[in-house]
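Note sheet for the following structure.
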Amino acid sequence: MEKSPGIRVVRGLRPDAAVPGAADHLGSHYDAFQDWDPEKKKLVCRTLRYVAHVNGASLQFFSSTDSALVKKAKELIGQYAFGGVTSGQLAQDYNKPLLVPAGADSLAGILGVGADASQSAVKNAFVAQYPQI
């Protein structure tokens with residue numbers, strides 16, 4: 001059975017967020033997630049990017065076993081704690097740890113041009129692969 005990566009939500013007040021007090025999403029246990037089937041990873045990443053985008057949030061994957069990802073997570077926390085500046089980095093390839101700042105994504109980039117961008121369509125695609133209890 002695959003170890004399920006966790007999603008942590010960090011609340012922060014960002015002046016550039018679409019919704020005041022928007023959450024940034026940290027996907028933990030990337031070390032376990034990176035070995036998943038590519039099609040499953042693609043669907044999970046697409047769904048997480050969609051949720052983050054429509055809520056005006058950033059999305060970042062994290063693993064305590066990868067020093068580069070630990071550093072990026074510390075930078076994100078530092079932004080909120082000390083008012084730092086964003087790094088401006090962007091990683092949208094689902095084969096690598098995602099790092100998508102708020103506002104840097106688009107529905108066409110996430111789902112493809114002309115795809116149904118409704119919440120129900122995205123949810124139905126996810127639930128078809130991962131039935132809800």
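Following the order of the structure tokens, chains are lettered A, B, ..., residues in each are numbered from 1, and ligands are numbered from 1.
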Ala102 in chain A environment, 6 Å, only C-alpha atoms, sequence neighbours closer than 3 positions dropped, as a PDB file with N, CA, C and O atoms, in the first residue's frame:
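Result saved to part34.pdb:
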ATOM      1  N   GLY A  56      -6.364  31.138  -4.527  1.00  0.00           N
ATOM      2  CA  GLY A  56      -5.342  32.166  -4.437  1.00  0.00           C
ATOM      3  C   GLY A  56      -4.184  31.788  -3.536  1.00  0.00           C
ATOM      4  O   GLY A  56      -3.596  32.639  -2.882  1.00  0.00           O
ATOM      5  N   ALA A  57      -3.863  30.515  -3.508  1.00  0.00           N
ATOM      6  CA  ALA A  57      -2.817  30.021  -2.609  1.00  0.00           C
ATOM      7  C   ALA A  57      -1.605  29.531  -3.396  1.00  0.00           C
ATOM      8  O   ALA A  57      -1.686  29.253  -4.587  1.00  0.00           O
ATOM      9  N   SER A  58      -0.503  29.427  -2.697  1.00  0.00           N
ATOM     10  CA  SER A  58       0.700  28.803  -3.254  1.00  0.00           C
ATOM     11  C   SER A  58       0.642  27.306  -2.959  1.00  0.00           C
ATOM     12  O   SER A  58      -0.072  26.872  -2.052  1.00  0.00           O
TER      13      SER A  58
END
- [ ] Write out as a ChimeraX atom specification which residues come within 12 Å of Lys96 in chain A when counting only C-alpha atoms, dropping same-chain ones fewer than 2 positions away.
- [x] /A:30-31,33-36,38,41-42,45,60-62,69,90-94,98-100
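Among A:Gln89, A:Thr65, A:Asn124, A:Ser118, the residue with the shortest atom-to-atom distance to Ala32 in chain A, counting only C-alpha atoms, is A:Thr65.
Proximity of A:Val51, A:Leu59, A:Arg46, A:His25 to Gln119 in chain A, computed with only C-alpha atoms, is greatest for A:Val51.
Relative to CA of Ser63 in chain A, CA of Ala128 in chain A is found at 27.5 Å.
When only C-alpha atoms are used to measure the gap to Ile110 in chain A, the shortest distance among A:Gly78, A:Leu26, A:Lys40, A:Val122 belongs to A:Val122.
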Task: strand (DSSP E) residues, from DSSP on the backbone, in range 23-129 of chain A, as number ranges by chain - done: A: 23-27, 59-61, 99-100
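In this structure, CA of Asp105 in chain A sits 7.9 Å away from CA of Arg49 in chain A.
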Task: Top pick for closest residue to Pro97 in chain A, considering A:Leu111, A:Lys72, A:Val127, A:Thr47 and counting only C-alpha atoms - done: A:Lys72
